[in-house]
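Input: a single structure, listed below in C-alpha cells.
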Amino acid sequence: MPRAKLDSAPGTPIKFTANNAADPSGRKESPNESIMKLIQEAYSDKDAGVEMIAKQVGLPEIIAPHRKTTILLCGNHSSGKSSFVNWYLGEHIQKTGVAMETAAFTIITQGSRRETFKGAASLEFWPRLATELKGVRGVPDYLQTEFSVSEERKFSMINFIDTPGLVDGHAEYPYPVEDILSRLAHIADLVYIFLDPMGKAGCKRTLKVAETLVRSQELRSKMRFFLTKADTLVDALDRQKVIVQVTQNLTSVLNTVNFDLPTIFIPTGNEEHRYIPNSIESVCKEIEDTISQSVQNAIVSLGADCQKVYDRIGSILEADKTQREKNSTLRFRAFMFISVAFACFSLPLVLLARWAVRVAGMGELDQLGGGAFVSAAAALYDNLDDSLRFYLVGGLVAVFLLLIAAGSFTLRGTTRTLASNRLGQLREHQARLVNVMGKKQELYDKFFSSVRYDNVPATPSRDISPTPMTPLKD
C-alpha cells in the first residue's frame with residue numbers, strides 16, 4: 001500500500017496546552033521543556049493519544065520518548081559522584097562520603113518543592129524503572145528519589161541516577177549491584193564512570209562493571225570515563241603517572257585503546273588549581289548537547305510513530321475492504337448454489353404435493369390452480385417408468401442436498417468484518433494523527449527559536465534578526 005501523506009487532511013485536534021508560560025511552580029519553561037511537554041501530551045492524551053491509538057491497532061511497542069535526559073553516575077567509592085551532582089545543582093542534596101553499606105540508588109530530579117520518595121513510592125513514581133528492576137532483590141529498600149527545586153544549568157531537563165560506590169574486598173551488597181547497574185545503563189542516555197586518583201581507580205569491581213557494560217554496542221556509545229579529583233594531583237608528573245596507570249587498567253579490561261580519560265574536579269577558585277586541566281564544563285556542554293539531540297530525536301520519533309500508526313490503520317481498513325469484497329462474492333456464490341438447489345427440489349415437492357392432494361380426495365393438483373409448471377411436471381413424471389421415476393426423484397434430492405452443502409460450506413468462508421462504528425473510529429484516529437503531524441513544524445519552530453536566540457549573543461552593532469531556515473525533512 002502506498003505511503004500516505006500526513007500533512008494536509010483536517011481532523012479532530014489534539015489538545016496542545018503547553019506553552020512558554022510559567023508552570024505551577026512559577027518558573028518559566030525553556031523552549032526544550034515546552035517541546036517535550038507538547039510531545040508527551042501528544043502521546044499520552046487520553047482521548048486521542050498516539051500511545052492509546054497504537055495499542056488499539058496492535059502496536060504496543062510505540063511509547064512516548066523520555067521527557068528528560070537520564071544520566072547514570074557510577075564508579076568506585078568516594079570518586080566524586082555525589083559531589084558532581086551537588087555542584088551541578090548548586091545545592092547540597094546528596095551526602096558525600098557516605099558509607100557503602102548505607103548508600104542507595106538515588107534518582108535526582110526537579111520538583112516544585114524539596115521532597116524525598118523512598119523505595120515503593122519511587123517505583124510507583126517511575127513505572128519504567130519499576131518494569132526494568134522488577135523482581136530484583138533489595139531494590140525497594142535501597143531506592144529513593146530526591147526532588148530538588150534547583151534551576152541551575154539544564155537541570156530541569158535531567159534525571160541524575162547516583163549509585164552506591166563500588167569497593168573490592170569482602171564487602172557484601174544487599175542487592176546484585178552489577179546487575180542493577182547494567183539494567184539502569186540500558187534506560188540511561190549517558191553513563192558516566194568516575195575514577196578517583198587516590199589508589200581506587202583500579203577497583204576491580206568498577207572495572208568489572210565497565211567490562212560488562214562495554215560488551216554492548218548500545219551501551220558503549222553512552223559510556224564516558226573521567227579521572228575525578230584531579231585537583232588532588234597538583235604535580236603534573238604525578239598526574240600523568242596516574243592517568244597512564246588508569247588508562248592501562250581500562251585498556252586491559254575494555255580491550256580497546258580508543259577512549260578518552262579527561263580529568264575533572266569541582267572548581268573552588270583555588271589559585272593553585274588554575275593550571276590543572278579541568279574538563280567539567282565540557283561535561284556540562286556534552287549534557288546540553290545530549291538534551292538538544294534528545295529533543296530532536298523526540299520530534300522525529302513523533303513523526304515516525306504517527307506515520308507508522310497511520311499506515312497500520314490504513315492496512316487494517318484496506319484488509320477490511322478486501323474482506324468485505326470477498327464476503328460479497330462468497331455470499332453471491334452461496335445464493336446461487338441454494339437457488340439451484342431449490343430449483344432442483346421443486347419437482348419432488350410438486351410430486352409430493354400432488355400425492356397429498358390425491359390422498360385427501362381433493363382431485364388433481366393441476367386442476368386446483370397449480371399452473372403450467374405443475375401440469376408439465378406431472379406429465380413428465382407420469383410418462384416415466386417406475387424405475388426411472390425413482391432415480392429421477394432420488395437424483396434430484398441428492399443434487400439438492402449437495403448444493404445446500406456447497407452453499408453452507410461457501411458461507412463458512414466469510415469472515416467477520418469491522419463494525420461501522422469501529423470503521424468510523426479508525427478513520428477518526430487517522431484524522432487525529434494527521435493533526436498531530438500538523439504540529440510537527442510548530443515543534444521544530446520552537447526548537448529553532450531556542451537555537452537562534454539562546455546561543456546568539458545580543459550585539460547592538462549587528463543585525464541579529466532571524467533568517468528563514470529550511471525545515472528539516474525526516
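Quick note on naming: the chains in the C-alpha cells go A, B, ... in the order shown, residues restart at 1 in each chain, and ligands are numbered from 1 in order of appearance.
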Please identify every residue of stretch 123-234 of chain A that has at least one atom no farther than 8 Å from an atom of stretch 276-294 of chain A, counting only C-alpha atoms, and for each give the shortest atom pair and the distance in Å to one decimal, arranged by chain then increasing number, as JSON lines.
{"residue": "A:Lys154", "atom": "CA", "partner": "A:Glu288", "partner_atom": "CA", "distance": 6.8}
{"residue": "A:Met157", "atom": "CA", "partner": "A:Ile291", "partner_atom": "CA", "distance": 7.1}
{"residue": "A:Asp189", "atom": "CA", "partner": "A:Thr290", "partner_atom": "CA", "distance": 7.9}
{"residue": "A:Ala230", "atom": "CA", "partner": "A:Ile276", "partner_atom": "CA", "distance": 7.3}
{"residue": "A:Asp231", "atom": "CA", "partner": "A:Ile276", "partner_atom": "CA", "distance": 6.8}
{"residue": "A:Val234", "atom": "CA", "partner": "A:Ile276", "partner_atom": "CA", "distance": 7.0}
Saved selection, atoms kept: C-alpha atoms, as a CSV table (one decimal), in the first residue's frame:
chain,number,residue,atom,x,y,z
A,154,LYS,CA,19.9,22.4,32.4
A,157,MET,CA,15.7,18.6,31.6
A,189,ASP,CA,21.1,8.3,27.9
A,230,ALA,CA,42.3,15.9,39.6
A,231,ASP,CA,42.9,18.9,42.0
A,234,VAL,CA,48.9,19.3,41.8
List as an MDAnalysis selection string the protein and nucleic acid residues near A:Ile180, meaning an atom at most 12 Å away when only C-alpha atoms are counted, but skip any in the same chain fewer than 6 places from it. chainID A and resid 72 74 104:105 129:130 132:139 142:143 161 163:164 173:174 186:187 209 212:213
As a JSON list (two decimals) with N, CA and C atoms, in the first residue's frame, which residues of stretch 62-206 of chain A does DSSP assign to strand (DSSP E)?
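Saved the output as result_19.json:
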[["chain", "number", "residue", "atom", "x", "y", "z"],
["A", 69, "THR", "N", 16.53, 13.84, 29.95],
["A", 69, "THR", "CA", 17.75, 13.08, 29.69],
["A", 69, "THR", "C", 18.20, 12.44, 31.01],
["A", 70, "THR", "N", 18.44, 11.14, 30.97],
["A", 70, "THR", "CA", 18.84, 10.40, 32.18],
["A", 70, "THR", "C", 20.33, 10.14, 32.14],
["A", 71, "ILE", "N", 21.00, 10.52, 33.23],
["A", 71, "ILE", "CA", 22.45, 10.36, 33.33],
["A", 71, "ILE", "C", 22.75, 9.44, 34.51],
["A", 72, "LEU", "N", 23.38, 8.32, 34.22],
["A", 72, "LEU", "CA", 23.76, 7.36, 35.25],
["A", 72, "LEU", "C", 25.20, 7.63, 35.68],
["A", 73, "LEU", "N", 25.39, 7.80, 36.99],
["A", 73, "LEU", "CA", 26.72, 8.04, 37.56],
["A", 73, "LEU", "C", 27.14, 6.81, 38.34],
["A", 74, "CYS", "N", 28.25, 6.22, 37.96],
["A", 74, "CYS", "CA", 28.75, 5.08, 38.72],
["A", 74, "CYS", "C", 30.27, 5.18, 38.81],
["A", 75, "GLY", "N", 30.83, 4.38, 39.68],
["A", 75, "GLY", "CA", 32.28, 4.43, 39.91],
["A", 75, "GLY", "C", 32.61, 3.92, 41.29],
["A", 105, "PHE", "N", 20.54, 3.65, 45.65],
["A", 105, "PHE", "CA", 20.40, 4.15, 44.28],
["A", 105, "PHE", "C", 19.45, 5.34, 44.35],
["A", 106, "THR", "N", 19.95, 6.50, 43.99],
["A", 106, "THR", "CA", 19.18, 7.72, 44.18],
["A", 106, "THR", "C", 18.94, 8.41, 42.85],
["A", 107, "ILE", "N", 17.67, 8.69, 42.56],
["A", 107, "ILE", "CA", 17.30, 9.45, 41.37],
["A", 107, "ILE", "C", 17.08, 10.90, 41.81],
["A", 108, "ILE", "N", 17.78, 11.81, 41.16],
["A", 108, "ILE", "CA", 17.65, 13.23, 41.50],
["A", 108, "ILE", "C", 16.97, 13.93, 40.34],
["A", 109, "THR", "N", 15.83, 14.53, 40.61],
["A", 109, "THR", "CA", 15.06, 15.19, 39.57],
["A", 109, "THR", "C", 14.48, 16.49, 40.11],
["A", 110, "GLN", "N", 13.97, 17.33, 39.21],
["A", 110, "GLN", "CA", 13.43, 18.61, 39.62],
["A", 110, "GLN", "C", 11.98, 18.47, 40.07],
["A", 115, "GLU", "N", 11.67, 17.32, 48.33],
["A", 115, "GLU", "CA", 10.93, 16.15, 48.79],
["A", 115, "GLU", "C", 11.77, 14.91, 48.57],
["A", 116, "THR", "N", 11.47, 13.85, 49.33],
["A", 116, "THR", "CA", 12.15, 12.57, 49.18],
["A", 116, "THR", "C", 11.12, 11.46, 49.12],
["A", 117, "PHE", "N", 11.24, 10.61, 48.10],
["A", 117, "PHE", "CA", 10.41, 9.41, 47.99],
["A", 117, "PHE", "C", 11.30, 8.20, 48.27],
["A", 143, "LEU", "N", 16.28, 2.17, 47.16],
["A", 143, "LEU", "CA", 15.99, 3.07, 46.05],
["A", 143, "LEU", "C", 15.26, 4.27, 46.59],
["A", 144, "GLN", "N", 15.65, 5.45, 46.17],
["A", 144, "GLN", "CA", 14.96, 6.65, 46.61],
["A", 144, "GLN", "C", 15.04, 7.73, 45.53],
["A", 145, "THR", "N", 14.12, 8.66, 45.61],
["A", 145, "THR", "CA", 14.07, 9.78, 44.68],
["A", 145, "THR", "C", 14.18, 11.08, 45.47],
["A", 146, "GLU", "N", 15.10, 11.93, 45.06],
["A", 146, "GLU", "CA", 15.26, 13.23, 45.68],
["A", 146, "GLU", "C", 14.77, 14.30, 44.70],
["A", 147, "PHE", "N", 13.83, 15.12, 45.16],
["A", 147, "PHE", "CA", 13.32, 16.22, 44.35],
["A", 147, "PHE", "C", 14.00, 17.51, 44.79],
["A", 148, "SER", "N", 14.51, 18.24, 43.81],
["A", 148, "SER", "CA", 15.21, 19.50, 44.08],
["A", 148, "SER", "C", 14.52, 20.63, 43.33],
["A", 158, "ILE", "N", 16.92, 17.11, 33.18],
["A", 158, "ILE", "CA", 17.82, 16.00, 33.52],
["A", 158, "ILE", "C", 17.27, 15.19, 34.69],
["A", 159, "ASN", "N", 17.49, 13.89, 34.63],
["A", 159, "ASN", "CA", 17.37, 13.00, 35.78],
["A", 159, "ASN", "C", 18.74, 12.39, 36.04],
["A", 160, "PHE", "N", 19.31, 12.67, 37.18],
["A", 160, "PHE", "CA", 20.57, 12.01, 37.58],
["A", 160, "PHE", "C", 20.22, 10.73, 38.35],
["A", 161, "ILE", "N", 20.99, 9.68, 38.11],
["A", 161, "ILE", "CA", 20.90, 8.47, 38.94],
["A", 161, "ILE", "C", 22.26, 8.28, 39.60],
["A", 162, "ASP", "N", 22.30, 8.58, 40.89],
["A", 162, "ASP", "CA", 23.54, 8.44, 41.67],
["A", 162, "ASP", "C", 23.55, 7.05, 42.28],
["A", 190, "LEU", "N", 23.18, 8.71, 29.11],
["A", 190, "LEU", "CA", 24.63, 8.82, 29.28],
["A", 190, "LEU", "C", 25.03, 8.01, 30.51],
["A", 191, "VAL", "N", 26.18, 7.34, 30.43],
["A", 191, "VAL", "CA", 26.71, 6.59, 31.55],
["A", 191, "VAL", "C", 28.08, 7.15, 31.87],
["A", 192, "TYR", "N", 28.19, 7.83, 33.00],
["A", 192, "TYR", "CA", 29.46, 8.43, 33.42],
["A", 192, "TYR", "C", 30.09, 7.54, 34.49],
["A", 193, "ILE", "N", 31.32, 7.10, 34.21],
["A", 193, "ILE", "CA", 32.07, 6.28, 35.17],
["A", 193, "ILE", "C", 33.19, 7.13, 35.75],
["A", 194, "PHE", "N", 33.10, 7.37, 37.05],
["A", 194, "PHE", "CA", 34.07, 8.22, 37.76],
["A", 194, "PHE", "C", 35.14, 7.36, 38.41],
["A", 195, "LEU", "N", 36.38, 7.75, 38.20],
["A", 195, "LEU", "CA", 37.53, 7.05, 38.78],
["A", 195, "LEU", "C", 38.38, 8.09, 39.50]]
- Message: I need the residues of stretch 258-300 of chain A that end up classed as helix (DSSP H, G or I) by DSSP on the backbone, written out as a PyMOL selection string.
- Response: chain A and resi 271-273+280-300
Find the residues around A:Phe447 up to 10 Å (only C-alpha atoms counted), leave out those fewer than 3 positions away in its own chain, and share them as an MDAnalysis selection string. chainID A and resid 31:32 34:35 292 295:296 299 441:444 450:452
- Item | For stretch 335-343 of chain A: contacts at 6 Å, only C-alpha atoms, fewer than 6 positions along chain excluded, given as a list in words | Phe400, Leu403, Ile404 and Gly407 of chain A
Please list as an NGL selection string every residue within 8 Å of stretch 43-55 of chain A, counting only C-alpha atoms and excluding residues in the same chain fewer than 6 positions away. :A and (14-15 or 62-64 or 305-306 or 309 or 429 or 432-433)
Nearest to A:Val436, restricted to only C-alpha atoms and choosing among A:Leu181, A:Val85, A:Leu302, A:Met36, comes out as A:Leu302
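Between atom CA of A:Gln245 and atom CA of A:Phe225 there is a distance of 13.9 Å.
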A:Asp141 environment, 9 Å, only C-alpha atoms, sequence neighbours closer than 6 positions dropped, as a tab-separated table (two decimals) with C-alpha atoms, in the first residue's frame:
chain	number	residue	atom	x	y	z
A	104	ALA	CA	21.20	3.77	47.94
A	118	LYS	CA	11.56	6.09	49.39
A	119	GLY	CA	11.53	2.65	47.73
A	120	ALA	CA	7.91	1.75	46.99
